[in-house]
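The next block is data.csv, given as CSV, N, CA and C atoms.
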chain,number,residue,atom,x,y,z
A,36,MET,N,-14.6,-21.7,21.8
A,36,MET,CA,-14.4,-20.4,21.1
A,36,MET,C,-13.2,-20.4,20.3
A,37,ALA,N,-12.6,-21.5,19.9
A,37,ALA,CA,-11.4,-21.6,19.1
A,37,ALA,C,-11.6,-21.0,17.7
A,38,GLU,N,-12.9,-21.1,17.2
A,38,GLU,CA,-13.1,-20.6,15.9
A,38,GLU,C,-13.0,-19.1,15.8
A,39,ALA,N,-13.4,-18.4,16.9
A,39,ALA,CA,-13.3,-16.9,17.0
A,39,ALA,C,-11.8,-16.5,17.0
A,40,GLU,N,-10.9,-17.3,17.4
A,40,GLU,CA,-9.5,-17.0,17.5
A,40,GLU,C,-8.9,-16.9,16.1
A,41,LYS,N,-9.5,-17.5,15.1
A,41,LYS,CA,-8.9,-17.4,13.7
A,41,LYS,C,-9.3,-16.2,13.0
A,42,LEU,N,-8.4,-15.5,12.3
A,42,LEU,CA,-8.7,-14.3,11.6
A,42,LEU,C,-7.9,-14.4,10.2
A,43,ARG,N,-8.6,-14.2,9.1
A,43,ARG,CA,-8.0,-14.2,7.8
A,43,ARG,C,-7.3,-12.9,7.6
A,44,ILE,N,-6.2,-13.0,6.8
A,44,ILE,CA,-5.4,-11.8,6.5
A,44,ILE,C,-6.2,-10.8,5.7
A,45,ASP,N,-7.0,-11.2,4.8
A,45,ASP,CA,-7.8,-10.2,4.0
A,45,ASP,C,-8.7,-9.4,4.9
A,46,LYS,N,-9.4,-10.1,5.8
A,46,LYS,CA,-10.3,-9.4,6.8
A,46,LYS,C,-9.5,-8.5,7.7
A,47,TYR,N,-8.3,-9.0,8.1
A,47,TYR,CA,-7.5,-8.1,9.1
A,47,TYR,C,-7.1,-6.8,8.4
A,48,LEU,N,-6.6,-6.9,7.1
A,48,LEU,CA,-6.1,-5.8,6.4
A,48,LEU,C,-7.2,-4.8,6.2
A,49,TRP,N,-8.4,-5.3,5.9
A,49,TRP,CA,-9.6,-4.4,5.8
A,49,TRP,C,-10.0,-3.8,7.1
A,50,ALA,N,-9.9,-4.6,8.2
A,50,ALA,CA,-10.4,-4.1,9.5
A,50,ALA,C,-9.4,-3.0,10.0
A,51,ILE,N,-8.1,-3.1,9.7
A,51,ILE,CA,-7.2,-2.1,10.2
A,51,ILE,C,-7.0,-0.9,9.2
A,52,ARG,N,-7.9,-0.9,8.2
A,52,ARG,CA,-8.1,0.2,7.3
A,52,ARG,C,-6.9,0.4,6.3
A,53,LEU,N,-6.2,-0.7,6.0
A,53,LEU,CA,-5.2,-0.6,4.9
A,53,LEU,C,-5.8,-0.6,3.6
A,54,PHE,N,-7.0,-1.3,3.5
A,54,PHE,CA,-7.8,-1.3,2.2
A,54,PHE,C,-9.2,-0.9,2.5
A,55,LYS,N,-9.8,-0.2,1.5
A,55,LYS,CA,-11.1,0.4,1.6
A,55,LYS,C,-12.2,-0.7,1.7
A,56,THR,N,-12.0,-1.8,0.9
A,56,THR,CA,-13.0,-2.9,1.0
A,56,THR,C,-12.2,-4.2,1.2
A,57,ARG,N,-13.0,-5.2,1.6
A,57,ARG,CA,-12.4,-6.5,1.9
A,57,ARG,C,-12.0,-7.1,0.5
A,58,SER,N,-12.8,-6.9,-0.5
A,58,SER,CA,-12.5,-7.5,-1.8
A,58,SER,C,-11.2,-6.9,-2.4
A,59,LEU,N,-10.9,-5.6,-2.1
A,59,LEU,CA,-9.6,-5.1,-2.5
A,59,LEU,C,-8.4,-5.7,-1.8
A,60,ALA,N,-8.6,-6.0,-0.5
A,60,ALA,CA,-7.6,-6.7,0.3
A,60,ALA,C,-7.4,-8.2,-0.2
A,61,THR,N,-8.5,-8.8,-0.6
A,61,THR,CA,-8.4,-10.2,-1.2
A,61,THR,C,-7.7,-10.1,-2.5
A,62,ASP,N,-8.0,-9.2,-3.4
A,62,ASP,CA,-7.3,-9.0,-4.6
A,62,ASP,C,-5.8,-8.8,-4.5
A,63,ALA,N,-5.5,-8.0,-3.5
A,63,ALA,CA,-4.1,-7.7,-3.2
A,63,ALA,C,-3.3,-8.9,-2.8
A,64,CYS,N,-3.9,-9.8,-2.0
A,64,CYS,CA,-3.3,-11.0,-1.6
A,64,CYS,C,-3.1,-12.0,-2.8
A,65,LYS,N,-4.2,-12.0,-3.6
A,65,LYS,CA,-4.1,-12.9,-4.8
A,65,LYS,C,-3.1,-12.4,-5.8
A,66,ALA,N,-2.8,-11.1,-5.9
A,66,ALA,CA,-1.9,-10.5,-6.9
A,66,ALA,C,-0.5,-10.6,-6.3
A,67,GLY,N,-0.3,-11.0,-5.1
A,67,GLY,CA,1.1,-11.1,-4.6
A,67,GLY,C,1.6,-9.8,-4.0
A,68,ARG,N,0.7,-8.9,-3.6
A,68,ARG,CA,1.1,-7.7,-3.0
A,68,ARG,C,1.1,-7.7,-1.5
A,69,VAL,N,0.8,-8.8,-0.9
A,69,VAL,CA,0.9,-9.0,0.5
A,69,VAL,C,1.8,-10.2,0.8
A,70,LYS,N,2.9,-10.0,1.6
A,70,LYS,CA,3.8,-11.0,1.8
A,70,LYS,C,4.1,-11.2,3.3
A,71,LEU,N,4.4,-12.4,3.6
A,71,LEU,CA,4.8,-12.8,5.0
A,71,LEU,C,6.2,-13.5,4.8
A,72,ASN,N,7.2,-12.8,5.4
A,72,ASN,CA,8.6,-13.3,5.3
A,72,ASN,C,9.0,-13.5,3.9
A,73,GLY,N,8.6,-12.5,3.0
A,73,GLY,CA,9.0,-12.5,1.6
A,73,GLY,C,8.2,-13.5,0.8
A,74,GLN,N,7.3,-14.2,1.3
A,74,GLN,CA,6.5,-15.2,0.6
A,74,GLN,C,5.1,-14.7,0.3
A,75,ASN,N,4.6,-14.9,-0.9
A,75,ASN,CA,3.2,-14.5,-1.2
A,75,ASN,C,2.3,-15.4,-0.3
A,76,ILE,N,1.2,-14.8,0.1
A,76,ILE,CA,0.2,-15.5,0.9
A,76,ILE,C,-1.2,-15.4,0.3
A,77,LYS,N,-2.0,-16.4,0.7
A,77,LYS,CA,-3.3,-16.5,0.2
A,77,LYS,C,-4.2,-15.6,1.1
A,78,PRO,N,-5.4,-15.1,0.6
A,78,PRO,CA,-6.3,-14.3,1.4
A,78,PRO,C,-6.8,-15.1,2.6
A,79,SER,N,-6.8,-16.4,2.5
A,79,SER,CA,-7.3,-17.2,3.7
A,79,SER,C,-6.3,-17.5,4.7
A,80,ALA,N,-5.1,-17.0,4.6
A,80,ALA,CA,-4.0,-17.2,5.5
A,80,ALA,C,-4.4,-16.7,6.9
A,81,ILE,N,-4.1,-17.5,7.9
A,81,ILE,CA,-4.5,-17.1,9.3
A,81,ILE,C,-3.4,-16.1,9.9
A,82,VAL,N,-3.9,-15.0,10.5
A,82,VAL,CA,-3.1,-14.0,11.1
A,82,VAL,C,-2.7,-14.5,12.5
A,83,LYS,N,-1.4,-14.3,12.9
A,83,LYS,CA,-0.9,-14.5,14.2
A,83,LYS,C,-0.3,-13.3,14.8
A,84,ILE,N,-0.5,-13.1,16.1
A,84,ILE,CA,0.2,-11.9,16.7
A,84,ILE,C,1.7,-12.0,16.6
A,85,GLY,N,2.3,-10.9,16.2
A,85,GLY,CA,3.8,-10.9,16.0
A,85,GLY,C,4.2,-11.1,14.5
A,86,ASP,N,3.3,-11.5,13.7
A,86,ASP,CA,3.6,-11.7,12.2
A,86,ASP,C,3.9,-10.3,11.6
A,87,VAL,N,4.9,-10.3,10.7
A,87,VAL,CA,5.3,-9.1,10.0
A,87,VAL,C,5.0,-9.3,8.5
A,88,TYR,N,4.1,-8.4,8.0
A,88,TYR,CA,3.6,-8.4,6.7
A,88,TYR,C,4.2,-7.2,5.9
A,89,GLN,N,4.5,-7.5,4.6
A,89,GLN,CA,4.9,-6.4,3.7
A,89,GLN,C,3.7,-6.2,2.7
A,90,VAL,N,3.1,-5.0,2.7
A,90,VAL,CA,1.9,-4.7,1.9
A,90,VAL,C,2.3,-3.6,0.9
A,91,SER,N,2.0,-3.9,-0.4
A,91,SER,CA,2.2,-2.9,-1.4
A,91,SER,C,0.9,-2.5,-1.9
A,92,LYS,N,0.7,-1.2,-2.0
A,92,LYS,CA,-0.5,-0.6,-2.4
A,92,LYS,C,-0.2,0.6,-3.3
A,93,GLY,N,-0.2,0.3,-4.6
A,93,GLY,CA,0.2,1.4,-5.6
A,93,GLY,C,1.7,1.6,-5.4
A,94,ILE,N,2.1,2.9,-5.2
A,94,ILE,CA,3.5,3.2,-5.0
A,94,ILE,C,3.9,3.1,-3.5
A,95,GLU,N,2.9,3.0,-2.7
A,95,GLU,CA,3.1,2.9,-1.2
A,95,GLU,C,3.4,1.5,-0.8
A,96,LYS,N,4.5,1.3,0.0
A,96,LYS,CA,4.9,0.0,0.5
A,96,LYS,C,4.9,0.2,2.1
A,97,LYS,N,4.2,-0.7,2.7
A,97,LYS,CA,4.2,-0.7,4.2
A,97,LYS,C,4.7,-2.0,4.8
A,98,THR,N,5.4,-1.9,5.9
A,98,THR,CA,5.7,-3.1,6.7
A,98,THR,C,5.0,-3.0,8.0
A,99,ILE,N,4.2,-4.0,8.3
A,99,ILE,CA,3.4,-3.9,9.5
A,99,ILE,C,3.6,-5.1,10.4
A,100,GLU,N,3.5,-5.0,11.7
A,100,GLU,CA,3.5,-6.1,12.6
A,100,GLU,C,2.2,-6.2,13.3
A,101,VAL,N,1.6,-7.4,13.4
A,101,VAL,CA,0.3,-7.5,14.1
A,101,VAL,C,0.5,-7.4,15.6
A,102,VAL,N,-0.2,-6.5,16.2
A,102,VAL,CA,-0.1,-6.3,17.6
A,102,VAL,C,-1.3,-6.9,18.3
A,103,GLU,N,-2.5,-6.7,17.7
A,103,GLU,CA,-3.8,-7.2,18.3
A,103,GLU,C,-4.7,-7.5,17.1
A,104,PHE,N,-5.6,-8.5,17.4
A,104,PHE,CA,-6.6,-8.8,16.3
A,104,PHE,C,-7.7,-7.7,16.3
A,105,SER,N,-8.2,-7.6,15.1
A,105,SER,CA,-9.3,-6.7,14.8
A,105,SER,C,-10.3,-7.4,13.9
A,106,TYR,N,-11.4,-7.8,14.4
A,106,TYR,CA,-12.4,-8.6,13.6
A,106,TYR,C,-13.3,-7.7,12.8
A,107,ASN,N,-13.6,-6.5,13.3
A,107,ASN,CA,-14.5,-5.6,12.7
A,107,ASN,C,-13.8,-4.3,12.4
A,108,ARG,N,-14.2,-3.6,11.3
A,108,ARG,CA,-13.6,-2.3,10.9
A,108,ARG,C,-14.0,-1.3,11.9
A,109,THR,N,-13.0,-0.5,12.4
A,109,THR,CA,-13.3,0.5,13.4
A,109,THR,C,-12.8,1.8,12.9
A,110,ASP,N,-12.9,2.8,13.8
A,110,ASP,CA,-12.4,4.1,13.4
A,110,ASP,C,-10.8,4.1,13.3
A,111,SER,N,-10.3,5.1,12.6
A,111,SER,CA,-8.9,5.1,12.3
A,111,SER,C,-8.0,5.1,13.6
A,112,PRO,N,-8.2,5.9,14.6
A,112,PRO,CA,-7.4,5.9,15.8
A,112,PRO,C,-7.3,4.5,16.5
A,113,THR,N,-8.5,3.9,16.5
A,113,THR,CA,-8.5,2.5,17.1
A,113,THR,C,-7.8,1.5,16.2
A,114,ALA,N,-7.9,1.6,14.9
A,114,ALA,CA,-7.3,0.7,14.0
A,114,ALA,C,-5.7,0.9,14.1
A,115,LEU,N,-5.2,2.1,14.3
A,115,LEU,CA,-3.8,2.3,14.4
A,115,LEU,C,-3.2,1.5,15.6
A,116,THR,N,-4.0,1.2,16.6
A,116,THR,CA,-3.4,0.5,17.8
A,116,THR,C,-3.3,-1.0,17.6
A,117,LYS,N,-3.9,-1.5,16.5
A,117,LYS,CA,-4.0,-2.9,16.2
A,117,LYS,C,-2.7,-3.4,15.5
A,118,TYR,N,-1.9,-2.5,15.0
A,118,TYR,CA,-0.7,-2.9,14.3
A,118,TYR,C,0.4,-1.9,14.6
A,119,LYS,N,1.7,-2.3,14.4
A,119,LYS,CA,2.8,-1.5,14.5
A,119,LYS,C,3.4,-1.2,13.1
A,120,ASP,N,3.6,0.0,12.7
A,120,ASP,CA,4.1,0.3,11.4
A,120,ASP,C,5.7,0.3,11.5
A,121,LEU,N,6.3,-0.7,10.8
A,121,LEU,CA,7.7,-0.8,10.7
A,121,LEU,C,8.3,-0.4,9.4
A,122,THR,N,7.6,0.4,8.7
A,122,THR,CA,8.1,0.9,7.4
A,122,THR,C,9.3,1.8,7.6
A,123,PRO,N,10.4,1.5,6.8
A,123,PRO,CA,11.6,2.4,7.0
A,123,PRO,C,11.3,3.8,6.5
A,124,VAL,N,11.9,4.7,7.2
A,124,VAL,CA,11.7,6.2,6.9
A,124,VAL,C,12.0,6.5,5.5
A,125,GLU,N,13.0,5.9,4.9
A,125,GLU,CA,13.3,6.2,3.5
A,125,GLU,C,12.2,5.9,2.5
A,126,GLU,N,11.5,4.8,2.8
A,126,GLU,CA,10.3,4.4,1.9
A,126,GLU,C,9.2,5.4,2.1
A,127,THR,N,8.9,5.9,3.3
A,127,THR,CA,7.8,6.8,3.5
A,127,THR,C,8.2,8.1,2.9
A,128,HIS,N,9.4,8.5,3.0
A,128,HIS,CA,9.9,9.8,2.4
A,128,HIS,C,9.8,9.7,0.9
A,129,ALA,N,10.1,8.6,0.3
A,129,ALA,CA,10.0,8.5,-1.2
A,129,ALA,C,8.6,8.6,-1.6
A,130,PHE,N,7.7,8.1,-0.8
A,130,PHE,CA,6.2,8.2,-1.1
A,130,PHE,C,5.8,9.6,-1.1
A,131,LYS,N,6.2,10.3,-0.1
A,131,LYS,CA,5.8,11.7,0.1
A,131,LYS,C,6.4,12.6,-1.0
A,132,SER,N,7.6,12.3,-1.4
A,132,SER,CA,8.3,13.2,-2.4
A,132,SER,C,7.6,13.2,-3.8
A,133,VAL,N,6.8,12.2,-4.1
A,133,VAL,CA,6.1,12.1,-5.3
A,133,VAL,C,5.1,13.3,-5.4
A,134,PHE,N,4.6,13.7,-4.3
A,134,PHE,CA,3.6,14.8,-4.3
A,134,PHE,C,4.3,16.2,-4.4
A,135,HIS,N,5.6,16.2,-4.1
A,135,HIS,CA,6.4,17.4,-4.2
A,135,HIS,C,7.2,17.5,-5.5
A,136,ALA,N,6.9,16.6,-6.4
A,136,ALA,CA,7.6,16.6,-7.7
A,136,ALA,C,7.3,17.9,-8.5
A,137,PRO,N,8.2,18.4,-9.2
A,137,PRO,CA,8.0,19.6,-10.0
A,137,PRO,C,6.8,19.4,-11.0
A,138,SER,N,6.0,20.4,-11.1
A,138,SER,CA,4.9,20.2,-12.0
A,138,SER,C,5.3,20.8,-13.4
A,139,LEU,N,4.8,20.1,-14.4
A,139,LEU,CA,5.2,20.5,-15.8
A,139,LEU,C,4.1,21.5,-16.3
A,140,LYS,N,4.4,22.6,-16.7
A,140,LYS,CA,3.4,23.6,-17.2
A,140,LYS,C,3.6,23.9,-18.7
A,141,ARG,N,2.5,24.2,-19.3
A,141,ARG,CA,2.6,24.6,-20.7
A,141,ARG,C,2.2,26.0,-20.8
A,142,ASP,N,2.7,26.7,-21.8
A,142,ASP,CA,2.4,28.1,-22.0
A,142,ASP,C,0.9,28.2,-22.4
A,143,ARG,N,0.3,29.3,-21.9
A,143,ARG,CA,-1.1,29.5,-22.2
A,143,ARG,C,-1.3,29.8,-23.6
A,144,GLY,N,-2.4,29.1,-24.2
A,144,GLY,CA,-2.7,29.3,-25.6
A,144,GLY,C,-2.0,28.4,-26.6
A,145,THR,N,-1.2,27.5,-26.1
A,145,THR,CA,-0.5,26.6,-27.0
A,145,THR,C,-1.4,25.4,-27.4
A,146,GLY,N,-2.5,25.3,-26.8
A,146,GLY,CA,-3.4,24.2,-27.2
A,146,GLY,C,-3.1,22.9,-26.5
A,147,ARG,N,-3.8,21.9,-26.9
A,147,ARG,CA,-3.6,20.6,-26.3
A,147,ARG,C,-2.3,20.0,-26.6
A,148,PRO,N,-1.7,19.2,-25.7
A,148,PRO,CA,-0.4,18.6,-26.1
A,148,PRO,C,-0.6,17.5,-27.2
A,149,THR,N,0.4,17.4,-28.1
A,149,THR,CA,0.3,16.4,-29.1
A,149,THR,C,0.7,15.0,-28.5
A,150,LYS,N,0.5,14.0,-29.2
A,150,LYS,CA,0.9,12.6,-28.7
A,150,LYS,C,2.4,12.6,-28.4
A,151,LYS,N,3.2,13.3,-29.3
A,151,LYS,CA,4.7,13.4,-29.1
A,151,LYS,C,5.0,14.1,-27.8
A,152,ASP,N,4.3,15.2,-27.5
A,152,ASP,CA,4.5,16.0,-26.3
A,152,ASP,C,4.2,15.1,-25.1
A,153,ARG,N,3.1,14.3,-25.1
A,153,ARG,CA,2.7,13.5,-24.0
A,153,ARG,C,3.8,12.4,-23.7
A,154,ARG,N,4.3,11.8,-24.8
A,154,ARG,CA,5.4,10.8,-24.7
A,154,ARG,C,6.6,11.4,-24.0
A,155,GLU,N,7.0,12.6,-24.5
A,155,GLU,CA,8.2,13.2,-23.9
A,155,GLU,C,8.0,13.6,-22.4
A,156,THR,N,6.8,14.0,-22.1
A,156,THR,CA,6.5,14.3,-20.7
A,156,THR,C,6.5,13.0,-19.9
A,157,ASP,N,5.9,11.9,-20.4
A,157,ASP,CA,5.9,10.7,-19.7
A,157,ASP,C,7.3,10.1,-19.5
A,158,ASP,N,8.2,10.3,-20.5
A,158,ASP,CA,9.6,9.8,-20.4
A,158,ASP,C,10.3,10.7,-19.3
A,159,LEU,N,10.1,11.9,-19.3
A,159,LEU,CA,10.7,12.8,-18.3
A,159,LEU,C,10.3,12.4,-16.9
A,160,ILE,N,9.0,12.2,-16.7
A,160,ILE,CA,8.5,11.8,-15.3
A,160,ILE,C,9.0,10.5,-14.9
A,161,SER,N,9.0,9.5,-15.8
A,161,SER,CA,9.5,8.1,-15.5
A,161,SER,C,11.0,8.2,-15.2
A,162,GLY,N,11.7,9.0,-15.9
A,162,GLY,CA,13.2,9.1,-15.6
A,162,GLY,C,13.5,9.7,-14.3
A,163,MET,N,12.6,10.5,-13.7
A,163,MET,CA,12.8,11.1,-12.4
A,163,MET,C,12.7,10.0,-11.3
A,164,PHE,N,11.9,9.0,-11.5
A,164,PHE,CA,11.7,8.0,-10.5
A,164,PHE,C,12.5,6.7,-10.7
A,165,ASP,N,13.2,6.6,-11.8
A,165,ASP,CA,14.0,5.4,-12.1
A,165,ASP,C,15.2,5.3,-11.2
A,166,ASP,N,15.7,6.5,-10.8
A,166,ASP,CA,16.9,6.5,-10.0
A,166,ASP,C,16.7,6.1,-8.5
A,167,GLU,N,15.4,6.1,-8.1
A,167,GLU,CA,15.1,5.8,-6.7
A,167,GLU,C,15.1,4.3,-6.4
A,168,GLU,N,14.9,3.5,-7.5
A,168,GLU,CA,14.8,2.0,-7.3
A,168,GLU,C,16.1,1.4,-7.3

Output the structure of this file as structure tokens.
Amino acid sequence: MAEAEKLRIDKYLWAIRLFKTRSLATDACKAGRVKLNGQNIKPSAIVKIGDVYQVSKGIEKKTIEVVEFSYNRTDSPTALTKYKDLTPVEETHAFKSVFHAPSLKRDRGTGRPTKKDRRETDDLISGMFDDEE
């Protein structure tokens, strides 16, 4: 039963519900958004208990430690027991603060924003998040 002991990282990330599909987990590995000890890993890398992975998904960055294998996708409460979330509090707070960013409003009746207005808005928003990195 030695073959059943091997578990690929893409399948594990899908099974613990970090990615919605296994192909998204595979693509994340190929794009270098899944790291083991700071090194990019292939989707076929074998998972070992105690490994610590850094997973980037959009603006969210998670650090997880493998506690138990999960071969099949399960419900969320069960999936949470398969890994330990080691993400620093500062990073989770930065992720949540994006949703509490001030919203930009336009006066009613001014019409659609021009290309120049959109550029200024984009510059303003990107300037708010440049300081955090």

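Atom CA of A:Val124 lies 23.6 Å from atom CA of A:Ile84.
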
DSSP alpha helix (DSSP H) selection over stretch 75-114 of chain A, as JSON, numbers by chain: {"A": [111, 112, 113, 114]}

Next, write the just-selected residues to a file, as a PDB file, in the frame of the given file, keeping N, CA and C atoms as the atom set.
ATOM      1  N   SER A 111     -10.300   5.100  12.600  1.00  0.00           N
ATOM      2  CA  SER A 111      -8.900   5.100  12.300  1.00  0.00           C
ATOM      3  C   SER A 111      -8.000   5.100  13.600  1.00  0.00           C
ATOM      4  N   PRO A 112      -8.200   5.900  14.600  1.00  0.00           N
ATOM      5  CA  PRO A 112      -7.400   5.900  15.800  1.00  0.00           C
ATOM      6  C   PRO A 112      -7.300   4.500  16.500  1.00  0.00           C
ATOM      7  N   THR A 113      -8.500   3.900  16.500  1.00  0.00           N
ATOM      8  CA  THR A 113      -8.500   2.500  17.100  1.00  0.00           C
ATOM      9  C   THR A 113      -7.800   1.500  16.200  1.00  0.00           C
ATOM     10  N   ALA A 114      -7.900   1.600  14.900  1.00  0.00           N
ATOM     11  CA  ALA A 114      -7.300   0.700  14.000  1.00  0.00           C
ATOM     12  C   ALA A 114      -5.700   0.900  14.100  1.00  0.00           C
TER      13      ALA A 114
END

Selection near A:Ala66, 8 Å with all atoms listed in the file, sequence-local residues under 6 positions removed, as a PyMOL selection string: chain A and resi 60+75-76

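Note that atom N of A:Arg108 and atom C of A:Lys46 are 7.7 Å apart.
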
Contact residues around stretch 48-59 of chain A with all atoms listed in the file at 6.5 Å, ignoring same-chain residues under 5 positions, as a list in words: Arg43, Cys64, Ser105, Tyr106, Asn107, Arg108, Thr109, Ala114 and Leu115 of chain A

Atomic separation - atom C of A:Leu42 relative to atom CA of A:Val87, Å: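 Between these atoms lies a distance of 14.2 Å.
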
Shortest interatomic distance to A:Val69 - which of A:Pro123, A:Arg143, A:Asp110, A:Val90, counting all atoms listed in the file: A:Val90

Residues within 6.5 Å of A:Ile99, only N, CA and C atoms, excluding chain neighbours under 4 positions, as a list in words: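 Here the qualifying residues turn out to be Asp86, Val87, Tyr88, Gln89, Val90, Tyr118, Lys119, Asp120, Leu121 and Thr122 of chain A.
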